[in-house]
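What follows is a single structure, written as structure tokens, with notes after it.
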Amino acid sequence: MPASTAVRTPLLFAVLLAAACLAAPAARAQEAQDGPSYQKEFTYGINLNSNAGLIGGVAVRSTHLLNNDWSRFWMIEGVEVKNRKEQRAQTYVGGVYVLGKSNYLFVVRPSVGLQRVIFRKAAESGVQVNGLVGAGPSLGLLMPYYIYYDYTPAPDPSNPSPREDIRSEQYDPGKHNDPNRIYDRAPLFTGINELKPNIGAHLRGAFTFEYGRYRDAVAGLEAGVLLEAYTKRLTVLRALNTPDRQINDNVFSSVYVTLYIGQRK
């Protein structure tokens with residue numbers, strides 16, 4: 001995705017979000033009667049986003065009401081971020097790996113923000129629509145992507161049955177340049193003791209659609225966009241004869257949906 005498009009999409013969403021919040025009615029005749037009967041809300045859910053696979057990660061959020069319309073929240077989210085250029089390949093034994101993938105990228109995002117009611121549901125049924133904005137630091141964790149590479153020497157007359165030599169190593173296209181010797185991807189957490197932290201920041205804007213049949217329970221979804229930036233490019237992919245900076249980014253944008261459930265007090 002071009003950098004200009006990556007920046008414009010979250011900004012456009014933020015403008016639409018602000019317009020929707022400002023368009024909420026200023027006067028409500030039954031505000032006191034229809035207002036919420038709770039002060040705190042705690043939710044947890046599953047995140048799906050355009051920078052990950054089917055399941056992007058998990059999120060938890062705590063919300064505290066300030067008045068009938070406004071509330072503040074804190075949340076923490078853990079997701080995997082994939083390079084948009086990733087391509088899967090199959091090995092000679094039927095395993096699957098990602099071409100040129102040198103590192104996984106996992107991100108932990110603590111956020112704080114404000115939420116405003118745009119459309120309030122009835123006390124016991126219906127759907128409530130809220131708009132929210134949030135921001136906070138991002139902790140990007142690069143974890144080596146390991147593969148099994150077959151170093152077994154080719155048979156020769158003096159050694160017709162060489163001893164099998166398959167090693168687990170971080171994938172380096174320059175070193176592991178024979179795809180016919182890539183045996184399989186190593187287990188996910190093989191390189192967890194080699195995590196490298198990177199500091200960044202993020203900004204999000206979203207709408208939430210809440211359904212709560214009971215006053216002490218809530219379920220719904222949050223749909224929005226997120227813009228994230230780091231101080232340096234994060235090397236996820238590598239390729240022969242290509243500088244890392246040409247295929248890796250330090251600015252990411254994504255569209256996401258979080259499905260959540262929770263309780264109110």
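Labels for the structure tokens follow display order: chains A, B, ..., residues from 1 in each chain, ligands from 1.
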Any chance you could tabulate, as CSV, the residues of segment 108-187 of chain A at most 10 Å from segment 228-233 of chain A with each one's nearest atom pair and distance in Å to one decimal, using only C-alpha atoms, in chain and rising number order?
```
residue,atom,partner,partner_atom,distance
A:Arg109,CA,A:Glu228,CA,9.9
A:Ala135,CA,A:Glu228,CA,9.6
A:Gly136,CA,A:Glu228,CA,9.7
A:Pro137,CA,A:Glu228,CA,9.1
A:Ser138,CA,A:Glu228,CA,7.7
A:Leu139,CA,A:Tyr230,CA,9.1
A:Gly140,CA,A:Tyr230,CA,8.3
```
Please, which residues of segment 31-95 of chain A, numbered as in this document, come out strand (DSSP E or B) from DSSP, as a PDB file with all heavy atoms, in the first residue's frame?
```pdb
ATOM      1  N   LYS A  40     -19.184   1.224  35.200  1.00  0.00           N
ATOM      2  CA  LYS A  40     -17.972   0.613  34.649  1.00  0.00           C
ATOM      3  C   LYS A  40     -18.342  -0.547  33.735  1.00  0.00           C
ATOM      4  O   LYS A  40     -19.365  -1.199  33.918  1.00  0.00           O
ATOM      5  CB  LYS A  40     -17.056   0.121  35.772  1.00  0.00           C
ATOM      6  CG  LYS A  40     -16.464   1.232  36.623  1.00  0.00           C
ATOM      7  CD  LYS A  40     -15.532   0.662  37.670  1.00  0.00           C
ATOM      8  CE  LYS A  40     -14.913   1.761  38.527  1.00  0.00           C
ATOM      9  NZ  LYS A  40     -13.994   1.214  39.556  1.00  0.00           N
ATOM     10  N   GLU A  41     -17.456  -0.786  32.769  1.00  0.00           N
ATOM     11  CA  GLU A  41     -17.656  -1.875  31.821  1.00  0.00           C
ATOM     12  C   GLU A  41     -16.304  -2.511  31.542  1.00  0.00           C
ATOM     13  O   GLU A  41     -15.304  -1.812  31.340  1.00  0.00           O
ATOM     14  CB  GLU A  41     -18.263  -1.315  30.539  1.00  0.00           C
ATOM     15  CG  GLU A  41     -18.531  -2.341  29.448  1.00  0.00           C
ATOM     16  CD  GLU A  41     -19.141  -1.676  28.222  1.00  0.00           C
ATOM     17  OE1 GLU A  41     -20.365  -1.405  28.242  1.00  0.00           O
ATOM     18  OE2 GLU A  41     -18.384  -1.397  27.267  1.00  0.00           O
ATOM     19  N   PHE A  42     -16.277  -3.841  31.533  1.00  0.00           N
ATOM     20  CA  PHE A  42     -15.040  -4.563  31.231  1.00  0.00           C
ATOM     21  C   PHE A  42     -15.337  -5.575  30.131  1.00  0.00           C
ATOM     22  O   PHE A  42     -16.251  -6.399  30.272  1.00  0.00           O
ATOM     23  CB  PHE A  42     -14.497  -5.280  32.459  1.00  0.00           C
ATOM     24  CG  PHE A  42     -13.166  -5.956  32.233  1.00  0.00           C
ATOM     25  CD1 PHE A  42     -11.986  -5.224  32.285  1.00  0.00           C
ATOM     26  CD2 PHE A  42     -13.094  -7.318  31.943  1.00  0.00           C
ATOM     27  CE1 PHE A  42     -10.764  -5.833  32.059  1.00  0.00           C
ATOM     28  CE2 PHE A  42     -11.880  -7.929  31.723  1.00  0.00           C
ATOM     29  CZ  PHE A  42     -10.710  -7.181  31.789  1.00  0.00           C
ATOM     30  N   THR A  43     -14.592  -5.505  29.028  1.00  0.00           N
ATOM     31  CA  THR A  43     -14.819  -6.405  27.901  1.00  0.00           C
ATOM     32  C   THR A  43     -13.519  -7.046  27.451  1.00  0.00           C
ATOM     33  O   THR A  43     -12.433  -6.520  27.689  1.00  0.00           O
ATOM     34  CB  THR A  43     -15.449  -5.659  26.705  1.00  0.00           C
ATOM     35  OG1 THR A  43     -14.551  -4.621  26.273  1.00  0.00           O
ATOM     36  CG2 THR A  43     -16.787  -5.047  27.078  1.00  0.00           C
ATOM     37  N   TYR A  44     -13.645  -8.175  26.785  1.00  0.00           N
ATOM     38  CA  TYR A  44     -12.497  -8.847  26.190  1.00  0.00           C
ATOM     39  C   TYR A  44     -12.960  -9.486  24.890  1.00  0.00           C
ATOM     40  O   TYR A  44     -14.140  -9.863  24.741  1.00  0.00           O
ATOM     41  CB  TYR A  44     -11.897  -9.892  27.122  1.00  0.00           C
ATOM     42  CG  TYR A  44     -12.890 -10.830  27.755  1.00  0.00           C
ATOM     43  CD1 TYR A  44     -13.199 -12.047  27.168  1.00  0.00           C
ATOM     44  CD2 TYR A  44     -13.541 -10.473  28.929  1.00  0.00           C
ATOM     45  CE1 TYR A  44     -14.112 -12.907  27.737  1.00  0.00           C
ATOM     46  CE2 TYR A  44     -14.466 -11.328  29.508  1.00  0.00           C
ATOM     47  CZ  TYR A  44     -14.745 -12.540  28.925  1.00  0.00           C
ATOM     48  OH  TYR A  44     -15.665 -13.396  29.482  1.00  0.00           O
ATOM     49  N   GLY A  45     -12.055  -9.567  23.914  1.00  0.00           N
ATOM     50  CA  GLY A  45     -12.491 -10.058  22.627  1.00  0.00           C
ATOM     51  C   GLY A  45     -11.365 -10.531  21.731  1.00  0.00           C
ATOM     52  O   GLY A  45     -10.191 -10.518  22.100  1.00  0.00           O
ATOM     53  N   ILE A  46     -11.757 -10.925  20.526  1.00  0.00           N
ATOM     54  CA  ILE A  46     -10.862 -11.433  19.493  1.00  0.00           C
ATOM     55  C   ILE A  46     -10.756 -10.393  18.384  1.00  0.00           C
ATOM     56  O   ILE A  46     -11.765  -9.858  17.931  1.00  0.00           O
ATOM     57  CB  ILE A  46     -11.372 -12.759  18.925  1.00  0.00           C
ATOM     58  CG1 ILE A  46     -11.396 -13.826  20.023  1.00  0.00           C
ATOM     59  CG2 ILE A  46     -10.504 -13.235  17.764  1.00  0.00           C
ATOM     60  CD1 ILE A  46     -12.016 -15.132  19.583  1.00  0.00           C
ATOM     61  N   ASN A  47      -9.531 -10.131  17.964  1.00  0.00           N
ATOM     62  CA  ASN A  47      -9.270  -9.111  16.959  1.00  0.00           C
ATOM     63  C   ASN A  47      -9.013  -9.749  15.594  1.00  0.00           C
ATOM     64  O   ASN A  47      -8.269 -10.724  15.469  1.00  0.00           O
ATOM     65  CB  ASN A  47      -8.060  -8.264  17.377  1.00  0.00           C
ATOM     66  CG  ASN A  47      -7.649  -7.268  16.317  1.00  0.00           C
ATOM     67  OD1 ASN A  47      -6.930  -7.588  15.375  1.00  0.00           O
ATOM     68  ND2 ASN A  47      -8.100  -6.033  16.481  1.00  0.00           N
ATOM     69  N   LEU A  48      -9.630  -9.179  14.569  1.00  0.00           N
ATOM     70  CA  LEU A  48      -9.368  -9.543  13.177  1.00  0.00           C
ATOM     71  C   LEU A  48      -8.937  -8.269  12.464  1.00  0.00           C
ATOM     72  O   LEU A  48      -9.606  -7.239  12.597  1.00  0.00           O
ATOM     73  CB  LEU A  48     -10.609 -10.119  12.501  1.00  0.00           C
ATOM     74  CG  LEU A  48     -11.252 -11.360  13.129  1.00  0.00           C
ATOM     75  CD1 LEU A  48     -12.270 -10.959  14.182  1.00  0.00           C
ATOM     76  CD2 LEU A  48     -11.930 -12.209  12.064  1.00  0.00           C
ATOM     77  N   ASN A  49      -7.827  -8.309  11.742  1.00  0.00           N
ATOM     78  CA  ASN A  49      -7.352  -7.097  11.082  1.00  0.00           C
ATOM     79  C   ASN A  49      -6.677  -7.407   9.763  1.00  0.00           C
ATOM     80  O   ASN A  49      -6.319  -8.556   9.479  1.00  0.00           O
ATOM     81  CB  ASN A  49      -6.419  -6.302  12.009  1.00  0.00           C
ATOM     82  CG  ASN A  49      -5.118  -7.019  12.272  1.00  0.00           C
ATOM     83  OD1 ASN A  49      -4.204  -7.002  11.442  1.00  0.00           O
ATOM     84  ND2 ASN A  49      -5.001  -7.654  13.442  1.00  0.00           N
ATOM     85  N   GLY A  57      -5.450 -11.295  16.924  1.00  0.00           N
ATOM     86  CA  GLY A  57      -4.962 -11.218  18.285  1.00  0.00           C
ATOM     87  C   GLY A  57      -6.118 -11.115  19.264  1.00  0.00           C
ATOM     88  O   GLY A  57      -7.253 -11.467  18.962  1.00  0.00           O
ATOM     89  N   VAL A  58      -5.809 -10.594  20.447  1.00  0.00           N
ATOM     90  CA  VAL A  58      -6.806 -10.473  21.515  1.00  0.00           C
ATOM     91  C   VAL A  58      -6.731  -9.076  22.105  1.00  0.00           C
ATOM     92  O   VAL A  58      -5.712  -8.375  21.976  1.00  0.00           O
ATOM     93  CB  VAL A  58      -6.593 -11.529  22.613  1.00  0.00           C
ATOM     94  CG1 VAL A  58      -6.812 -12.936  22.069  1.00  0.00           C
ATOM     95  CG2 VAL A  58      -5.181 -11.428  23.203  1.00  0.00           C
ATOM     96  N   ALA A  59      -7.819  -8.666  22.754  1.00  0.00           N
ATOM     97  CA  ALA A  59      -7.877  -7.334  23.350  1.00  0.00           C
ATOM     98  C   ALA A  59      -8.756  -7.362  24.596  1.00  0.00           C
ATOM     99  O   ALA A  59      -9.737  -8.111  24.664  1.00  0.00           O
ATOM    100  CB  ALA A  59      -8.424  -6.319  22.354  1.00  0.00           C
ATOM    101  N   VAL A  60      -8.398  -6.538  25.589  1.00  0.00           N
ATOM    102  CA  VAL A  60      -9.239  -6.317  26.764  1.00  0.00           C
ATOM    103  C   VAL A  60      -9.387  -4.809  26.950  1.00  0.00           C
ATOM    104  O   VAL A  60      -8.476  -4.050  26.615  1.00  0.00           O
ATOM    105  CB  VAL A  60      -8.656  -6.959  28.038  1.00  0.00           C
ATOM    106  CG1 VAL A  60      -8.595  -8.473  27.903  1.00  0.00           C
ATOM    107  CG2 VAL A  60      -7.263  -6.416  28.346  1.00  0.00           C
ATOM    108  N   ARG A  61     -10.559  -4.384  27.449  1.00  0.00           N
ATOM    109  CA  ARG A  61     -10.815  -2.961  27.616  1.00  0.00           C
ATOM    110  C   ARG A  61     -11.629  -2.708  28.863  1.00  0.00           C
ATOM    111  O   ARG A  61     -12.551  -3.453  29.173  1.00  0.00           O
ATOM    112  CB  ARG A  61     -11.556  -2.403  26.395  1.00  0.00           C
ATOM    113  CG  ARG A  61     -11.743  -0.892  26.461  1.00  0.00           C
ATOM    114  CD  ARG A  61     -12.334  -0.345  25.179  1.00  0.00           C
ATOM    115  NE  ARG A  61     -13.722  -0.767  24.998  1.00  0.00           N
ATOM    116  CZ  ARG A  61     -14.454  -0.430  23.937  1.00  0.00           C
ATOM    117  NH1 ARG A  61     -13.918   0.281  22.957  1.00  0.00           N
ATOM    118  NH2 ARG A  61     -15.694  -0.839  23.844  1.00  0.00           N
ATOM    119  N   SER A  62     -11.299  -1.643  29.570  1.00  0.00           N
ATOM    120  CA  SER A  62     -12.047  -1.190  30.735  1.00  0.00           C
ATOM    121  C   SER A  62     -12.552   0.217  30.459  1.00  0.00           C
ATOM    122  O   SER A  62     -11.775   1.098  30.076  1.00  0.00           O
ATOM    123  CB  SER A  62     -11.153  -1.193  31.986  1.00  0.00           C
ATOM    124  OG  SER A  62     -11.858  -0.686  33.101  1.00  0.00           O
ATOM    125  N   THR A  63     -13.866   0.419  30.638  1.00  0.00           N
ATOM    126  CA  THR A  63     -14.503   1.698  30.321  1.00  0.00           C
ATOM    127  C   THR A  63     -15.161   2.257  31.574  1.00  0.00           C
ATOM    128  O   THR A  63     -15.833   1.527  32.310  1.00  0.00           O
ATOM    129  CB  THR A  63     -15.563   1.522  29.219  1.00  0.00           C
ATOM    130  OG1 THR A  63     -14.956   0.923  28.074  1.00  0.00           O
ATOM    131  CG2 THR A  63     -16.171   2.860  28.829  1.00  0.00           C
ATOM    132  N   HIS A  64     -14.995   3.555  31.821  1.00  0.00           N
ATOM    133  CA  HIS A  64     -15.597   4.242  32.973  1.00  0.00           C
ATOM    134  C   HIS A  64     -16.439   5.410  32.474  1.00  0.00           C
ATOM    135  O   HIS A  64     -15.934   6.269  31.737  1.00  0.00           O
ATOM    136  CB  HIS A  64     -14.509   4.747  33.928  1.00  0.00           C
ATOM    137  CG  HIS A  64     -15.053   5.466  35.120  1.00  0.00           C
ATOM    138  ND1 HIS A  64     -15.565   4.794  36.214  1.00  0.00           N
ATOM    139  CD2 HIS A  64     -15.177   6.794  35.391  1.00  0.00           C
ATOM    140  CE1 HIS A  64     -15.965   5.684  37.117  1.00  0.00           C
ATOM    141  NE2 HIS A  64     -15.750   6.895  36.631  1.00  0.00           N
ATOM    142  N   LEU A  65     -17.703   5.431  32.849  1.00  0.00           N
ATOM    143  CA  LEU A  65     -18.596   6.493  32.395  1.00  0.00           C
ATOM    144  C   LEU A  65     -18.277   7.817  33.078  1.00  0.00           C
ATOM    145  O   LEU A  65     -18.095   7.877  34.293  1.00  0.00           O
ATOM    146  CB  LEU A  65     -20.054   6.116  32.675  1.00  0.00           C
ATOM    147  CG  LEU A  65     -20.784   5.399  31.524  1.00  0.00           C
ATOM    148  CD1 LEU A  65     -20.174   4.023  31.281  1.00  0.00           C
ATOM    149  CD2 LEU A  65     -22.269   5.283  31.822  1.00  0.00           C
ATOM    150  N   TRP A  70     -20.488  10.596  27.505  1.00  0.00           N
ATOM    151  CA  TRP A  70     -19.048  10.420  27.386  1.00  0.00           C
ATOM    152  C   TRP A  70     -18.521   9.392  28.392  1.00  0.00           C
ATOM    153  O   TRP A  70     -19.022   9.280  29.505  1.00  0.00           O
ATOM    154  CB  TRP A  70     -18.315  11.746  27.598  1.00  0.00           C
ATOM    155  CG  TRP A  70     -18.513  12.728  26.493  1.00  0.00           C
ATOM    156  CD1 TRP A  70     -19.453  13.720  26.418  1.00  0.00           C
ATOM    157  CD2 TRP A  70     -17.745  12.828  25.291  1.00  0.00           C
ATOM    158  NE1 TRP A  70     -19.328  14.435  25.248  1.00  0.00           N
ATOM    159  CE2 TRP A  70     -18.281  13.911  24.538  1.00  0.00           C
ATOM    160  CE3 TRP A  70     -16.661  12.126  24.773  1.00  0.00           C
ATOM    161  CZ2 TRP A  70     -17.770  14.286  23.294  1.00  0.00           C
ATOM    162  CZ3 TRP A  70     -16.154  12.502  23.533  1.00  0.00           C
ATOM    163  CH2 TRP A  70     -16.704  13.562  22.813  1.00  0.00           C
ATOM    164  N   SER A  71     -17.496   8.688  27.976  1.00  0.00           N
ATOM    165  CA  SER A  71     -16.778   7.767  28.858  1.00  0.00           C
ATOM    166  C   SER A  71     -15.321   7.739  28.443  1.00  0.00           C
ATOM    167  O   SER A  71     -14.963   8.111  27.324  1.00  0.00           O
ATOM    168  CB  SER A  71     -17.388   6.362  28.790  1.00  0.00           C
ATOM    169  OG  SER A  71     -17.384   5.878  27.462  1.00  0.00           O
ATOM    170  N   ARG A  72     -14.491   7.343  29.356  1.00  0.00           N
ATOM    171  CA  ARG A  72     -13.068   7.160  29.045  1.00  0.00           C
ATOM    172  C   ARG A  72     -12.728   5.689  29.193  1.00  0.00           C
ATOM    173  O   ARG A  72     -13.392   4.957  29.928  1.00  0.00           O
ATOM    174  CB  ARG A  72     -12.188   8.025  29.955  1.00  0.00           C
ATOM    175  CG  ARG A  72     -12.165   7.625  31.408  1.00  0.00           C
ATOM    176  CD  ARG A  72     -11.097   8.396  32.189  1.00  0.00           C
ATOM    177  NE  ARG A  72     -11.073   8.014  33.590  1.00  0.00           N
ATOM    178  CZ  ARG A  72     -11.676   8.662  34.566  1.00  0.00           C
ATOM    179  NH1 ARG A  72     -12.384   9.754  34.293  1.00  0.00           N
ATOM    180  NH2 ARG A  72     -11.607   8.220  35.810  1.00  0.00           N
ATOM    181  N   PHE A  73     -11.672   5.265  28.507  1.00  0.00           N
ATOM    182  CA  PHE A  73     -11.317   3.847  28.547  1.00  0.00           C
ATOM    183  C   PHE A  73      -9.814   3.676  28.491  1.00  0.00           C
ATOM    184  O   PHE A  73      -9.078   4.559  28.043  1.00  0.00           O
ATOM    185  CB  PHE A  73     -11.976   3.080  27.386  1.00  0.00           C
ATOM    186  CG  PHE A  73     -11.458   3.453  26.025  1.00  0.00           C
ATOM    187  CD1 PHE A  73     -10.341   2.834  25.478  1.00  0.00           C
ATOM    188  CD2 PHE A  73     -12.092   4.438  25.274  1.00  0.00           C
ATOM    189  CE1 PHE A  73      -9.862   3.180  24.223  1.00  0.00           C
ATOM    190  CE2 PHE A  73     -11.620   4.793  24.012  1.00  0.00           C
ATOM    191  CZ  PHE A  73     -10.502   4.152  23.491  1.00  0.00           C
ATOM    192  N   TRP A  74      -9.391   2.522  28.972  1.00  0.00           N
ATOM    193  CA  TRP A  74      -8.039   2.054  28.704  1.00  0.00           C
ATOM    194  C   TRP A  74      -8.176   0.640  28.140  1.00  0.00           C
ATOM    195  O   TRP A  74      -9.129  -0.069  28.443  1.00  0.00           O
ATOM    196  CB  TRP A  74      -7.147   2.064  29.952  1.00  0.00           C
ATOM    197  CG  TRP A  74      -7.572   1.136  31.052  1.00  0.00           C
ATOM    198  CD1 TRP A  74      -8.284   1.433  32.172  1.00  0.00           C
ATOM    199  CD2 TRP A  74      -7.272  -0.278  31.135  1.00  0.00           C
ATOM    200  NE1 TRP A  74      -8.482   0.323  32.938  1.00  0.00           N
ATOM    201  CE2 TRP A  74      -7.864  -0.749  32.333  1.00  0.00           C
ATOM    202  CE3 TRP A  74      -6.587  -1.175  30.327  1.00  0.00           C
ATOM    203  CZ2 TRP A  74      -7.791  -2.078  32.742  1.00  0.00           C
ATOM    204  CZ3 TRP A  74      -6.516  -2.516  30.715  1.00  0.00           C
ATOM    205  CH2 TRP A  74      -7.104  -2.945  31.905  1.00  0.00           C
ATOM    206  N   MET A  75      -7.250   0.261  27.316  1.00  0.00           N
ATOM    207  CA  MET A  75      -7.286  -1.080  26.739  1.00  0.00           C
ATOM    208  C   MET A  75      -5.877  -1.549  26.437  1.00  0.00           C
ATOM    209  O   MET A  75      -4.934  -0.754  26.370  1.00  0.00           O
ATOM    210  CB  MET A  75      -8.137  -1.094  25.464  1.00  0.00           C
ATOM    211  CG  MET A  75      -7.566  -0.310  24.296  1.00  0.00           C
ATOM    212  SD  MET A  75      -8.571  -0.434  22.791  1.00  0.00           S
ATOM    213  CE  MET A  75      -8.411  -2.183  22.403  1.00  0.00           C
ATOM    214  N   ILE A  76      -5.745  -2.843  26.290  1.00  0.00           N
ATOM    215  CA  ILE A  76      -4.475  -3.419  25.865  1.00  0.00           C
ATOM    216  C   ILE A  76      -4.786  -4.502  24.835  1.00  0.00           C
ATOM    217  O   ILE A  76      -5.730  -5.266  24.986  1.00  0.00           O
ATOM    218  CB  ILE A  76      -3.658  -3.972  27.056  1.00  0.00           C
ATOM    219  CG1 ILE A  76      -2.256  -4.382  26.591  1.00  0.00           C
ATOM    220  CG2 ILE A  76      -4.383  -5.107  27.753  1.00  0.00           C
ATOM    221  CD1 ILE A  76      -1.284  -4.599  27.726  1.00  0.00           C
ATOM    222  N   GLU A  77      -3.974  -4.494  23.799  1.00  0.00           N
ATOM    223  CA  GLU A  77      -4.216  -5.358  22.646  1.00  0.00           C
ATOM    224  C   GLU A  77      -2.917  -6.035  22.263  1.00  0.00           C
ATOM    225  O   GLU A  77      -1.856  -5.407  22.245  1.00  0.00           O
ATOM    226  CB  GLU A  77      -4.737  -4.480  21.508  1.00  0.00           C
ATOM    227  CG  GLU A  77      -5.092  -5.171  20.223  1.00  0.00           C
ATOM    228  CD  GLU A  77      -5.620  -4.153  19.212  1.00  0.00           C
ATOM    229  OE1 GLU A  77      -4.818  -3.294  18.773  1.00  0.00           O
ATOM    230  OE2 GLU A  77      -6.810  -4.216  18.876  1.00  0.00           O
ATOM    231  N   GLY A  78      -2.988  -7.301  21.951  1.00  0.00           N
ATOM    232  CA  GLY A  78      -1.834  -8.039  21.469  1.00  0.00           C
ATOM    233  C   GLY A  78      -2.156  -8.683  20.134  1.00  0.00           C
ATOM    234  O   GLY A  78      -3.121  -9.453  20.029  1.00  0.00           O
ATOM    235  N   VAL A  79      -1.387  -8.347  19.096  1.00  0.00           N
ATOM    236  CA  VAL A  79      -1.681  -8.842  17.747  1.00  0.00           C
ATOM    237  C   VAL A  79      -0.394  -9.236  17.041  1.00  0.00           C
ATOM    238  O   VAL A  79       0.702  -8.840  17.435  1.00  0.00           O
ATOM    239  CB  VAL A  79      -2.410  -7.773  16.902  1.00  0.00           C
ATOM    240  CG1 VAL A  79      -3.722  -7.366  17.545  1.00  0.00           C
ATOM    241  CG2 VAL A  79      -1.522  -6.558  16.668  1.00  0.00           C
ATOM    242  N   GLU A  80      -0.555 -10.004  15.971  1.00  0.00           N
ATOM    243  CA  GLU A  80       0.555 -10.271  15.055  1.00  0.00           C
ATOM    244  C   GLU A  80       0.403  -9.370  13.840  1.00  0.00           C
ATOM    245  O   GLU A  80      -0.707  -9.183  13.326  1.00  0.00           O
ATOM    246  CB  GLU A  80       0.576 -11.732  14.601  1.00  0.00           C
ATOM    247  CG  GLU A  80       1.741 -12.038  13.661  1.00  0.00           C
ATOM    248  CD  GLU A  80       1.745 -13.450  13.114  1.00  0.00           C
ATOM    249  OE1 GLU A  80       0.806 -14.204  13.422  1.00  0.00           O
ATOM    250  OE2 GLU A  80       2.690 -13.774  12.370  1.00  0.00           O
ATOM    251  N   ARG A  88       3.332 -17.726   0.885  1.00  0.00           N
ATOM    252  CA  ARG A  88       3.561 -19.070   1.418  1.00  0.00           C
ATOM    253  C   ARG A  88       4.089 -19.986   0.319  1.00  0.00           C
ATOM    254  O   ARG A  88       3.769 -19.842  -0.859  1.00  0.00           O
ATOM    255  CB  ARG A  88       2.266 -19.626   2.001  1.00  0.00           C
ATOM    256  CG  ARG A  88       1.811 -18.880   3.238  1.00  0.00           C
ATOM    257  CD  ARG A  88       0.339 -19.105   3.496  1.00  0.00           C
ATOM    258  NE  ARG A  88       0.030 -20.494   3.789  1.00  0.00           N
ATOM    259  CZ  ARG A  88       0.038 -21.024   5.010  1.00  0.00           C
ATOM    260  NH1 ARG A  88       0.353 -20.257   6.047  1.00  0.00           N
ATOM    261  NH2 ARG A  88      -0.273 -22.284   5.207  1.00  0.00           N
ATOM    262  N   ALA A  89       4.922 -20.942   0.743  1.00  0.00           N
ATOM    263  CA  ALA A  89       5.475 -21.934  -0.187  1.00  0.00           C
ATOM    264  C   ALA A  89       5.453 -23.296   0.488  1.00  0.00           C
ATOM    265  O   ALA A  89       5.413 -23.404   1.721  1.00  0.00           O
ATOM    266  CB  ALA A  89       6.896 -21.559  -0.595  1.00  0.00           C
ATOM    267  N   GLN A  90       5.491 -24.330  -0.319  1.00  0.00           N
ATOM    268  CA  GLN A  90       5.463 -25.701   0.186  1.00  0.00           C
ATOM    269  C   GLN A  90       6.829 -26.343   0.032  1.00  0.00           C
ATOM    270  O   GLN A  90       7.524 -26.136  -0.973  1.00  0.00           O
ATOM    271  CB  GLN A  90       4.399 -26.516  -0.539  1.00  0.00           C
ATOM    272  CG  GLN A  90       4.088 -27.851   0.121  1.00  0.00           C
ATOM    273  CD  GLN A  90       2.847 -28.502  -0.458  1.00  0.00           C
ATOM    274  OE1 GLN A  90       2.452 -28.195  -1.581  1.00  0.00           O
ATOM    275  NE2 GLN A  90       2.229 -29.409   0.288  1.00  0.00           N
TER     276      GLN A  90
END
```
Leaving out Ala239 of chain A and any residue of its chain fewer than 6 positions from it, which residues lie within 8 Å of it when counting only C-alpha atoms, given as a list in words?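 Skipping anything fewer than 6 positions along the chain leaves Gly100, Pro173 and Gly174 of chain A.
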Which residues are near Tyr145 of chain A? Cut-off 6 Å, only C-alpha atoms, ignore same chain within fewer than 3 positions. Put them as a PyMOL selection string. chain A and resi 102-104+170
With C-alpha atoms retained, write the just-selected residues as a short mmCIF file (atom, residue, chain, number, x, y, z; two decimals), in the first residue's frame.
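Generated output (part.cif):
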```
data_model
loop_
_atom_site.label_atom_id
_atom_site.label_comp_id
_atom_site.auth_asym_id
_atom_site.auth_seq_id
_atom_site.Cartn_x
_atom_site.Cartn_y
_atom_site.Cartn_z
CA SER A 102 13.19 -13.60 8.78
CA ASN A 103 11.14 -12.47 11.80
CA TYR A 104 7.67 -12.62 13.25
CA GLN A 170 16.66 -18.47 11.58
#
```
As a ChimeraX atom specification, please: the residues near Val129 of chain A (cut-off 8 Å, only C-alpha atoms, same-chain neighbours under 3 positions excluded). /A:117-121,207-210
